[in-house]
Structures are given as structure tokens and as C-alpha cells.
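So the structure is just underneath, and the comments pick up after that.
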Amino acid sequence: MAVCARLCGVGQARGCRRRQQRKGPAEAAGAAAESEPDTDPEEERIEGPPARCSLLELPPELLVEIFASLPGTDLPSLAQVCTKFRRILNTDTIWRRRCREEYGVCENLRKLEITGVSCRDVYAKLLHRYRHILGLWQPDIGPYGGLLNVVVDGLFIIGWMYLPPHDPHVDDPMRFKPLFRIHLMERKSATVECMYGHKGPHNGHIQIVKKDEFSTKCNQTDHHRMSGGRQEEFRTWLREEWGRTLEDIFHEHMQELILMKFIYTSQYDNCLTYRRIYLPPTRPDDLIKPGLFKGTYGSHGLEIVMLSFHGKCAKGTKITGDPNIPAGQQTVEIDLMHRIQLPDVENLRNFNELSRIILEVREQVRQEQQQQQQEGPEAGPGRAPPSAREALPEPPYQKPEQPAPAASWGAEGGGGTEKGLEASGDGPPAAPEPAPSEGGQPFVLPAGVISRNEDYPRTCRMCFYGTGLIAGHGFTSPERTPGVFILFDEDRFGFIWLELKSFSLYSRIKATFQNAEPPSPEAFDEMLKNIQALTT
């Protein structure tokens, strides 16, 4: 209001005139002479007394422009000032602009006039009322988790479940499935509809439990049932989830995992609780841009992982999970202080050499941790022994291109075996040695390492020591085991699980998410702790 007052010629200008009136005649005359030394006599004759103006005297069209530029949350208070303001705030032009600028509604809102719904209704009863559920969420579906993106889509608010592509095509785009929608088309209150099942939208309910948590409920679960019973529902789910039939899956263990997931997830009937998740903050010295990735996890198929950077280490947190490692757990951790130099392709094929190098680095890390404990807290996290410190960067954290390798591959050949590849049929083919690309070096998987996706990159930028989390069914006896993190490019990385002789390939989810930035780095770290605690 103060800005509007100054624009209208009131405020400080009036105060200045009053101060001049309080001065004596001589002082006032002197001040006038100093402030207006070149006054035209003609102008002085026609100026007259100073004009006084207020917001109430402005024309309505100007007030509409002023009010439309204010945040929508401030307008109800403005309507209480006087009858004139309240009448002007009923102008749909104001609320149409707030819908567009605050929520990105680009639809032609004039069409709402046909249904008798105003832009003010859309703003107040739909967009503003449900603003707290916009953004990214993780559903509480036991160990499986998920990724829900709630967005404003035209004149709807829609909750889209993000599904990975069919295994093992990790580079394919994500799939989307609507779980619910909220709209304001023919009624004066928002309507919540469940989109689950194959019989179209039906009655649903949304309850905002507390900050950063809400729940959905379907009031007509019979719409989820199919005429062919559970067998038809399972076959339909299998085609949507895996892109195949049960007869196409030959591994008995994989069939059991798929059937178990169907039974577990279908019992919820879209009655779920969601907890907010944030995208990781980006820092200038990050190895690559953090974010969400799709990754291969053997018989469990493709899962969604969030890559984030924390100074001298990077973490991969599961957004979707499985009965072994549930959603919310830290699947991989990368030690950015211990880089590994790859040799030529021929020596790279030797798994025994890979195992030797990684175990040596693990021992080095263990010794550094012991020495740090002996030196006390003043040594600081990540400090290496004096013999190794020259090869490692000092804090603050810098991009890892600069440090010298913590270990390098040996030149001698090894006694690797092809037995694992022949038995699984999923291993990499014996490809000719590729030439390194600009800024990269050749890469092939060591013999015996299983990969569900043979179409992995044949060049990489750099490698680091890391650990991966493995556990028995039901997250029993979890332990971190050594491995190798391989950075291929800005959008892809891999991890070799040494103990499992398995390779996971990760590809970036290329989507733009709104309302997903954390309020602070501390809020993001707290979010990671919370989702991990739910499944520990």
C-alpha cells in the first residue's frame, strides 16, 4: 500500500509540504528559492494549491492492474479495506492473472464462464487450497516405495506415478500413470477422483495429514476389480509393469518376486500415504549434476535412485526398492577421495585384477579411518595418512579430476573365467577394443561380471572406490560391500558389485519437476534421514 501511495502522490511528498508549512516565512521562502530556482512565472501562476490524491480516487481499471500484480494470498486482506476494493476484487481479470503467474495455468480460463465457475473459484477452491500437495512424493508401499509427481495440468491437479521403463531398457523414457485428479468444473467445490483401475475416474478423497504428508483414499474400490478376477488383474498388471507375460519369464526366482510384488501392492487399492521428497541441491563443484536416475537391479528390474553429493562422498538413495533393499535405503556410496585409474581394455577384462585393486583400496580406507580415530577429531573427516595426502585434495572439496589416483590397475593378465557369462546369458559380448572418445577412456566389463543390459557405454570418464548395500530377503543381515563407481557421462554411471559379480547401469531421468527444490541443504539432509528411518 505504501508503494501505491507514493505512486499516487501522497506519503513523503505531503510530509515535505507540512514541514515547509511549519517553517517561518523567511525559511520557507529560502527553501522554495533553493528548490525551484528556475520556476517559470507562467507555471507559478497556474500551479495553484498542491493536489491531494488517494487510492480510492484512482479509476477502477488502474486499481485492477495494481491488485492483479499483488500475490493472491494478500488479496483477501485487501478486500476487507472497503466496499470499493471488495467489488473490484471480484473482477476475474485479477484472478486469471494470479492463476497464470503463480500456478502456470495457461488454459483459456474464459471458458469457465460457460460452467458458471469463476477464476476466483479456481484460485481459491482448487489451486490455493491444494497448493501444499504440489511437488514430488514417495508413497508408503512397504519396501517398494515409488515416485509421485503432483502437478497443475490445465484446470486439473493430477497425481502422476512415475514408472521406470521396462527392464532392462534403462535409457528409455519414464512411463506415467495417473493415480488421482482434482478439478473444479461443474460444482462450487473441488472434486477428488481416483484414477486407479480400468473403469475410468470415480469418487476419491484426499486428506492433508500434516506438513509434507497427505493421504489418498478410494471410495469405490469395486472400480478396481476386473471381470476375469485376480488372474486377469495380474496379467494386466504384468503387461503394464514388466511389458511381458509370465510365460516369458523363465527364472523361477524372478517369477516369485513379481508375484509377491503384485500381491503386496494391489492390497492398498490406491489408499496410500505420501511423504514429500526433494531433489538434491546442486553445487558448482559437484562431479555431475545430481538428480534422479533409473538403475538395473537384477531380478528386481529397474528402480529409481536419487544421486546426491555430500562433500567428499556421493550417495545413491533408493526412491523405489525391493524386498532385499527397500526404498529409502542408501544403495551405493561413492568415495570421491579414492579414484581408480583404468588400464587398457585387455587388462580390464580380468576380474581377479579388479578384485585385488578394490580390496587394496578398501584396506587403505580402513587404515585411514583407524589413523583418524587415533589422531582425534582435529584430524578432520577424510584425512589420509601423510604418505597419501599429497595425492588427495584438501578441503574444501574440489572436483575429483584434480587428485592423483588412489590406486591403479596392474599390467599383468589374470585368470578370469567366462563361466558366469555362459551360464547367465546376460553378460557383455566380446566386443573389439573401442577407441577412447574425447575426454574418455575405453571400458568393458571384466569377464564373469553379470549385466542385464549389454548396451552399456564403452568409454568412461573416471572411476572411484565405493560401497554397495546388500542384504537378504526382508532386509536381513544388511552389509556394505566394496565396489567400483564408473562415471560414463553427465547422464549415465555404473556400479560393479564386487561380491555379487554384478553390474548396475544408471541413466538420468530427464524430466523437469516443479515445486521440488529443498528450502535448504539441511532440509534435504533431514529428508534423506526420514525416508531411511521408515524402512530401517
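Going through the C-alpha cells in order, the chains are called A, B, and so on, while each chain numbers its residues from 1 and the ligands are numbered from 1 in the order shown.
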
Surrounding residues of range 287-294 of chain A excluding itself and chain neighbours under 3 positions, 8 Å, only C-alpha atoms, as a PDB file with N, CA and C atoms, in the first residue's frame:
```pdb
ATOM      1  N   PRO A 164       9.496 -46.689 -13.980  1.00  0.00           N
ATOM      2  CA  PRO A 164      10.670 -46.891 -14.837  1.00  0.00           C
ATOM      3  C   PRO A 164      10.276 -47.597 -16.126  1.00  0.00           C
ATOM      4  N   VAL A 170      17.173 -49.303 -19.751  1.00  0.00           N
ATOM      5  CA  VAL A 170      17.348 -48.232 -18.788  1.00  0.00           C
ATOM      6  C   VAL A 170      17.387 -46.855 -19.447  1.00  0.00           C
ATOM      7  N   LEU A 279      14.396 -32.748  -4.538  1.00  0.00           N
ATOM      8  CA  LEU A 279      15.546 -33.010  -5.403  1.00  0.00           C
ATOM      9  C   LEU A 279      16.803 -32.532  -4.694  1.00  0.00           C
ATOM     10  N   PRO A 280      17.941 -33.195  -4.907  1.00  0.00           N
ATOM     11  CA  PRO A 280      19.168 -32.784  -4.210  1.00  0.00           C
ATOM     12  C   PRO A 280      19.638 -31.413  -4.669  1.00  0.00           C
ATOM     13  N   PRO A 281      20.174 -30.613  -3.753  1.00  0.00           N
ATOM     14  CA  PRO A 281      20.710 -29.299  -4.138  1.00  0.00           C
ATOM     15  C   PRO A 281      21.937 -29.453  -5.020  1.00  0.00           C
ATOM     16  N   THR A 282      22.134 -28.491  -5.900  1.00  0.00           N
ATOM     17  CA  THR A 282      23.260 -28.512  -6.832  1.00  0.00           C
ATOM     18  C   THR A 282      24.336 -27.537  -6.377  1.00  0.00           C
ATOM     19  N   LEU A 302      14.087 -52.597 -12.946  1.00  0.00           N
ATOM     20  CA  LEU A 302      14.607 -51.234 -12.867  1.00  0.00           C
ATOM     21  C   LEU A 302      14.038 -50.521 -11.646  1.00  0.00           C
ATOM     22  N   GLU A 303      14.883 -49.750 -10.986  1.00  0.00           N
ATOM     23  CA  GLU A 303      14.461 -48.992  -9.813  1.00  0.00           C
ATOM     24  C   GLU A 303      14.959 -47.551  -9.930  1.00  0.00           C
ATOM     25  N   ILE A 304      14.332 -46.653  -9.166  1.00  0.00           N
ATOM     26  CA  ILE A 304      14.653 -45.231  -9.209  1.00  0.00           C
ATOM     27  C   ILE A 304      15.578 -44.899  -8.044  1.00  0.00           C
ATOM     28  N   VAL A 305      16.676 -44.217  -8.351  1.00  0.00           N
ATOM     29  CA  VAL A 305      17.698 -43.875  -7.362  1.00  0.00           C
ATOM     30  C   VAL A 305      17.966 -42.377  -7.439  1.00  0.00           C
ATOM     31  N   MET A 306      18.142 -41.753  -6.286  1.00  0.00           N
ATOM     32  CA  MET A 306      18.486 -40.333  -6.217  1.00  0.00           C
ATOM     33  C   MET A 306      19.980 -40.200  -5.914  1.00  0.00           C
ATOM     34  N   LEU A 307      20.713 -39.538  -6.807  1.00  0.00           N
ATOM     35  CA  LEU A 307      22.139 -39.292  -6.615  1.00  0.00           C
ATOM     36  C   LEU A 307      22.329 -37.907  -6.021  1.00  0.00           C
ATOM     37  N   SER A 308      23.042 -37.840  -4.884  1.00  0.00           N
ATOM     38  CA  SER A 308      23.312 -36.561  -4.228  1.00  0.00           C
ATOM     39  C   SER A 308      24.767 -36.520  -3.787  1.00  0.00           C
ATOM     40  N   PHE A 309      25.300 -35.300  -3.667  1.00  0.00           N
ATOM     41  CA  PHE A 309      26.699 -35.114  -3.303  1.00  0.00           C
ATOM     42  C   PHE A 309      26.798 -34.465  -1.929  1.00  0.00           C
ATOM     43  N   LYS A 399      36.533 -30.629  -7.431  1.00  0.00           N
ATOM     44  CA  LYS A 399      36.170 -31.663  -8.401  1.00  0.00           C
ATOM     45  C   LYS A 399      37.268 -32.715  -8.477  1.00  0.00           C
ATOM     46  N   PRO A 400      36.887 -34.003  -8.520  1.00  0.00           N
ATOM     47  CA  PRO A 400      37.870 -35.066  -8.408  1.00  0.00           C
ATOM     48  C   PRO A 400      38.764 -35.250  -9.621  1.00  0.00           C
ATOM     49  N   GLU A 490      27.554 -37.254 -18.370  1.00  0.00           N
ATOM     50  CA  GLU A 490      26.724 -36.436 -17.487  1.00  0.00           C
ATOM     51  C   GLU A 490      25.419 -37.120 -17.102  1.00  0.00           C
ATOM     52  N   TYR A 506      23.003 -47.005 -14.592  1.00  0.00           N
ATOM     53  CA  TYR A 506      22.053 -45.963 -14.203  1.00  0.00           C
ATOM     54  C   TYR A 506      21.990 -44.906 -15.294  1.00  0.00           C
ATOM     55  N   SER A 507      20.776 -44.448 -15.591  1.00  0.00           N
ATOM     56  CA  SER A 507      20.552 -43.433 -16.621  1.00  0.00           C
ATOM     57  C   SER A 507      19.650 -42.340 -16.046  1.00  0.00           C
ATOM     58  N   ARG A 508      19.982 -41.091 -16.324  1.00  0.00           N
ATOM     59  CA  ARG A 508      19.268 -39.959 -15.735  1.00  0.00           C
ATOM     60  C   ARG A 508      17.810 -39.894 -16.192  1.00  0.00           C
ATOM     61  N   ILE A 509      16.930 -39.547 -15.262  1.00  0.00           N
ATOM     62  CA  ILE A 509      15.534 -39.265 -15.590  1.00  0.00           C
ATOM     63  C   ILE A 509      15.471 -37.831 -16.096  1.00  0.00           C
TER      64      ILE A 509
END
```

Give me, as an NGL selection string, the residues of range 313-370 of chain A that a backbone DSSP run labels alpha helix (DSSP H). :A and (345-348 or 351-370)

Write a file of the just-selected residues containing N, CA and C atoms, as a tab-separated table (two decimals), in the first residue's frame.
```tsv
chain	number	residue	atom	x	y	z
A	345	VAL	N	42.13	-52.02	-22.27
A	345	VAL	CA	40.94	-52.88	-22.27
A	345	VAL	C	41.29	-54.33	-21.98
A	346	GLU	N	42.40	-54.81	-22.47
A	346	GLU	CA	42.75	-56.22	-22.31
A	346	GLU	C	42.92	-56.58	-20.84
A	347	ASN	N	43.61	-55.73	-20.08
A	347	ASN	CA	43.77	-55.99	-18.66
A	347	ASN	C	42.49	-55.69	-17.88
A	348	LEU	N	41.65	-54.85	-18.44
A	348	LEU	CA	40.40	-54.52	-17.78
A	348	LEU	C	39.45	-55.70	-17.73
A	351	PHE	N	38.83	-60.05	-14.02
A	351	PHE	CA	38.09	-59.79	-12.78
A	351	PHE	C	38.97	-59.96	-11.56
A	352	ASN	N	39.89	-60.91	-11.58
A	352	ASN	CA	40.78	-61.11	-10.43
A	352	ASN	C	41.61	-59.86	-10.15
A	353	GLU	N	42.04	-59.20	-11.22
A	353	GLU	CA	42.81	-57.98	-11.03
A	353	GLU	C	41.91	-56.88	-10.44
A	354	LEU	N	40.69	-56.81	-10.92
A	354	LEU	CA	39.74	-55.85	-10.36
A	354	LEU	C	39.55	-56.10	-8.87
A	355	SER	N	39.34	-57.36	-8.50
A	355	SER	CA	39.13	-57.70	-7.11
A	355	SER	C	40.34	-57.30	-6.26
A	356	ARG	N	41.54	-57.57	-6.75
A	356	ARG	CA	42.76	-57.24	-5.99
A	356	ARG	C	42.85	-55.74	-5.74
A	357	ILE	N	42.61	-54.94	-6.78
A	357	ILE	CA	42.72	-53.50	-6.66
A	357	ILE	C	41.70	-52.95	-5.66
A	358	ILE	N	40.46	-53.41	-5.76
A	358	ILE	CA	39.42	-52.88	-4.89
A	358	ILE	C	39.67	-53.25	-3.44
A	359	LEU	N	40.11	-54.47	-3.20
A	359	LEU	CA	40.39	-54.87	-1.83
A	359	LEU	C	41.57	-54.10	-1.25
A	360	GLU	N	42.55	-53.76	-2.08
A	360	GLU	CA	43.66	-52.93	-1.61
A	360	GLU	C	43.17	-51.54	-1.21
A	361	VAL	N	42.28	-50.97	-2.02
A	361	VAL	CA	41.74	-49.66	-1.69
A	361	VAL	C	40.91	-49.73	-0.41
A	362	ARG	N	40.13	-50.80	-0.26
A	362	ARG	CA	39.35	-50.94	0.97
A	362	ARG	C	40.24	-50.99	2.19
A	363	GLU	N	41.36	-51.68	2.09
A	363	GLU	CA	42.30	-51.75	3.20
A	363	GLU	C	42.91	-50.37	3.48
A	364	GLN	N	43.21	-49.66	2.43
A	364	GLN	CA	43.74	-48.31	2.60
A	364	GLN	C	42.73	-47.42	3.32
A	365	VAL	N	41.47	-47.50	2.92
A	365	VAL	CA	40.43	-46.70	3.57
A	365	VAL	C	40.30	-47.09	5.03
A	366	ARG	N	40.38	-48.37	5.33
A	366	ARG	CA	40.28	-48.82	6.72
A	366	ARG	C	41.43	-48.27	7.55
A	367	GLN	N	42.64	-48.29	7.01
A	367	GLN	CA	43.79	-47.76	7.74
A	367	GLN	C	43.65	-46.26	7.98
A	368	GLU	N	43.15	-45.55	6.97
A	368	GLU	CA	42.96	-44.10	7.14
A	368	GLU	C	41.94	-43.81	8.23
A	369	GLN	N	40.87	-44.60	8.28
A	369	GLN	CA	39.87	-44.39	9.31
A	369	GLN	C	40.43	-44.69	10.69
A	370	GLN	N	41.26	-45.73	10.82
A	370	GLN	CA	41.88	-46.04	12.10
A	370	GLN	C	42.82	-44.92	12.54
```

Which residues of range 95-164 of chain A come within 12 Å of range 196-218 of chain A, and for each one, what is the closest pair of atoms and their distance in Å to one decimal, counting only C-alpha atoms, sorted by chain and residue number, as CSV?
```
residue,atom,partner,partner_atom,distance
A:Arg129,CA,A:Ile208,CA,10.5
A:Tyr130,CA,A:Ile208,CA,8.9
A:Arg131,CA,A:Ile208,CA,10.8
A:His132,CA,A:Asp212,CA,7.6
A:Ile133,CA,A:Phe214,CA,7.4
A:Leu134,CA,A:Asp212,CA,10.1
A:Gly135,CA,A:Asp212,CA,10.0
A:Leu136,CA,A:Asp212,CA,10.1
A:Trp137,CA,A:Glu213,CA,8.5
A:Gln138,CA,A:Glu213,CA,9.6
A:Pro139,CA,A:Ser215,CA,9.0
A:Asp140,CA,A:Ser215,CA,9.8
A:Leu148,CA,A:Phe214,CA,12.0
A:Val150,CA,A:Phe214,CA,11.7
A:Ile157,CA,A:Ile206,CA,12.0
A:Ile158,CA,A:Pro201,CA,11.9
A:Gly159,CA,A:Thr216,CA,10.4
A:Trp160,CA,A:Tyr196,CA,11.0
A:Met161,CA,A:Tyr196,CA,10.7
```

Keeping only N, CA and C atoms, take the residues you just selected and write them out as a compact mmCIF listing (two decimals), in the first residue's frame.
```
# COMPACT_ATOMS: atom_id res chain seq x y z
N ARG A 129 -6.12 -24.00 -2.36
CA ARG A 129 -6.48 -24.98 -1.34
C ARG A 129 -5.56 -26.20 -1.35
N TYR A 130 -5.18 -26.66 -2.54
CA TYR A 130 -4.37 -27.87 -2.65
C TYR A 130 -2.91 -27.57 -3.02
N ARG A 131 -2.47 -26.34 -2.77
CA ARG A 131 -1.09 -25.97 -3.13
C ARG A 131 -0.05 -26.78 -2.36
N HIS A 132 -0.40 -27.24 -1.16
CA HIS A 132 0.57 -27.94 -0.33
C HIS A 132 0.89 -29.35 -0.83
N ILE A 133 0.11 -29.88 -1.76
CA ILE A 133 0.41 -31.23 -2.24
C ILE A 133 1.14 -31.20 -3.59
N LEU A 134 1.42 -30.04 -4.12
CA LEU A 134 2.18 -29.96 -5.38
C LEU A 134 3.63 -30.33 -5.12
N GLY A 135 4.23 -31.08 -6.04
CA GLY A 135 5.64 -31.45 -5.90
C GLY A 135 5.84 -32.96 -5.96
N LEU A 136 7.00 -33.41 -5.46
CA LEU A 136 7.39 -34.82 -5.50
C LEU A 136 7.10 -35.50 -4.17
N TRP A 137 6.63 -36.77 -4.26
CA TRP A 137 6.25 -37.52 -3.07
C TRP A 137 6.65 -38.98 -3.22
N GLN A 138 6.86 -39.61 -2.08
CA GLN A 138 7.15 -41.05 -2.06
C GLN A 138 6.02 -41.76 -1.32
N PRO A 139 5.30 -42.68 -2.00
CA PRO A 139 4.22 -43.39 -1.31
C PRO A 139 4.76 -44.44 -0.37
N ASP A 140 4.02 -44.69 0.70
CA ASP A 140 4.39 -45.71 1.66
C ASP A 140 3.78 -47.03 1.22
N LEU A 148 5.81 -40.09 -6.96
CA LEU A 148 4.59 -39.41 -7.37
C LEU A 148 4.91 -37.94 -7.62
N VAL A 150 2.91 -34.46 -8.30
CA VAL A 150 1.61 -33.78 -8.31
C VAL A 150 1.79 -32.43 -9.00
N ILE A 157 -5.59 -30.67 -11.08
CA ILE A 157 -4.41 -31.06 -10.32
C ILE A 157 -4.34 -32.58 -10.39
N ILE A 158 -3.25 -33.10 -10.94
CA ILE A 158 -3.15 -34.54 -11.21
C ILE A 158 -1.93 -35.11 -10.50
N GLY A 159 -2.12 -36.27 -9.88
CA GLY A 159 -1.02 -37.01 -9.27
C GLY A 159 -0.56 -38.10 -10.22
N TRP A 160 0.64 -37.92 -10.80
CA TRP A 160 1.20 -38.88 -11.76
C TRP A 160 2.22 -39.77 -11.06
N MET A 161 2.02 -41.07 -11.13
CA MET A 161 3.02 -42.02 -10.65
C MET A 161 4.04 -42.25 -11.76
```

Grab the CA of Val192 in chain A to CA of Phe156 in chain A distance for me, in Å with one decimal place. 10.0 Å

Considering only strand (DSSP E) as DSSP defines it on the backbone, what residues of range 216-297 of chain A qualify? List them as JSON, numbers by chain. {"A": [216, 217, 218, 273, 274, 275, 276, 291, 292, 293, 294, 295, 296]}

Give me a file of those residues, with N, CA, C and O atoms, as an mmCIF file, in the first residue's frame.
```cif
data_model
loop_
_atom_site.group_PDB
_atom_site.id
_atom_site.type_symbol
_atom_site.label_atom_id
_atom_site.label_comp_id
_atom_site.auth_asym_id
_atom_site.auth_seq_id
_atom_site.Cartn_x
_atom_site.Cartn_y
_atom_site.Cartn_z
ATOM 1 N N THR A 216 -4.399 -40.502 0.367
ATOM 2 C CA THR A 216 -5.491 -40.641 -0.593
ATOM 3 C C THR A 216 -6.322 -41.869 -0.228
ATOM 4 O O THR A 216 -5.810 -42.846 0.325
ATOM 5 N N LYS A 217 -7.596 -41.800 -0.568
ATOM 6 C CA LYS A 217 -8.497 -42.917 -0.305
ATOM 7 C C LYS A 217 -9.478 -43.048 -1.456
ATOM 8 O O LYS A 217 -10.017 -42.048 -1.936
ATOM 9 N N CYS A 218 -9.696 -44.255 -1.916
ATOM 10 C CA CYS A 218 -10.693 -44.527 -2.943
ATOM 11 C C CYS A 218 -11.991 -44.955 -2.263
ATOM 12 O O CYS A 218 -11.990 -45.856 -1.425
ATOM 13 N N THR A 273 -0.448 -43.319 1.820
ATOM 14 C CA THR A 273 0.112 -42.146 2.486
ATOM 15 C C THR A 273 1.375 -41.746 1.747
ATOM 16 O O THR A 273 2.207 -42.600 1.406
ATOM 17 N N TYR A 274 1.521 -40.453 1.499
ATOM 18 C CA TYR A 274 2.661 -39.932 0.747
ATOM 19 C C TYR A 274 3.469 -38.985 1.621
ATOM 20 O O TYR A 274 2.902 -38.203 2.400
ATOM 21 N N ARG A 275 4.794 -39.034 1.466
ATOM 22 C CA ARG A 275 5.689 -38.134 2.188
ATOM 23 C C ARG A 275 6.541 -37.369 1.174
ATOM 24 O O ARG A 275 7.058 -37.968 0.225
ATOM 25 N N ARG A 276 6.705 -36.084 1.417
ATOM 26 C CA ARG A 276 7.393 -35.217 0.455
ATOM 27 C C ARG A 276 8.869 -35.567 0.344
ATOM 28 O O ARG A 276 9.533 -35.869 1.349
ATOM 29 N N GLY A 291 20.544 -35.709 -9.114
ATOM 30 C CA GLY A 291 19.163 -35.853 -9.560
ATOM 31 C C GLY A 291 18.685 -37.286 -9.465
ATOM 32 O O GLY A 291 19.238 -38.113 -8.733
ATOM 33 N N LEU A 292 17.640 -37.602 -10.226
ATOM 34 C CA LEU A 292 17.018 -38.919 -10.220
ATOM 35 C C LEU A 292 17.508 -39.744 -11.407
ATOM 36 O O LEU A 292 17.633 -39.236 -12.527
ATOM 37 N N PHE A 293 17.751 -41.031 -11.153
ATOM 38 C CA PHE A 293 18.262 -41.947 -12.174
ATOM 39 C C PHE A 293 17.484 -43.257 -12.126
ATOM 40 O O PHE A 293 16.942 -43.644 -11.085
ATOM 41 N N LYS A 294 17.438 -43.936 -13.285
ATOM 42 C CA LYS A 294 16.898 -45.294 -13.369
ATOM 43 C C LYS A 294 18.072 -46.261 -13.325
ATOM 44 O O LYS A 294 19.069 -46.038 -14.011
ATOM 45 N N GLY A 295 17.959 -47.335 -12.554
ATOM 46 C CA GLY A 295 19.061 -48.278 -12.426
ATOM 47 C C GLY A 295 18.605 -49.720 -12.531
ATOM 48 O O GLY A 295 17.474 -50.060 -12.153
ATOM 49 N N THR A 296 19.477 -50.589 -13.024
ATOM 50 C CA THR A 296 19.171 -52.014 -13.159
ATOM 51 C C THR A 296 19.538 -52.744 -11.861
ATOM 52 O O THR A 296 20.626 -52.554 -11.322
#
```

Do you have, as a tab-separated table, the list of residues of range 312-331 of chain A lying at most 6 Å from range 465-482 of chain A, each with its nearest atom pair and that distance in Å to one decimal, counting only C-alpha atoms and ordered by chain then number?
```
residue	atom	partner	partner_atom	distance
A:Pro323	CA	A:Gly474	CA	5.3
A:Asn324	CA	A:His473	CA	4.6
A:Ile325	CA	A:Phe475	CA	5.8
A:Thr331	CA	A:Leu469	CA	5.1
```

When you draw a straight line from CA of Lys125 in chain A to CA of Cys106 in chain A, how long is it in Å? 17.8 Å

Mind pulling up the distance from CA of Val151 in chain A to CA of Phe513 in chain A?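 Taking CA of Phe513 in chain A as the start and CA of Val151 in chain A as the end point, the length is 8.8 Å.
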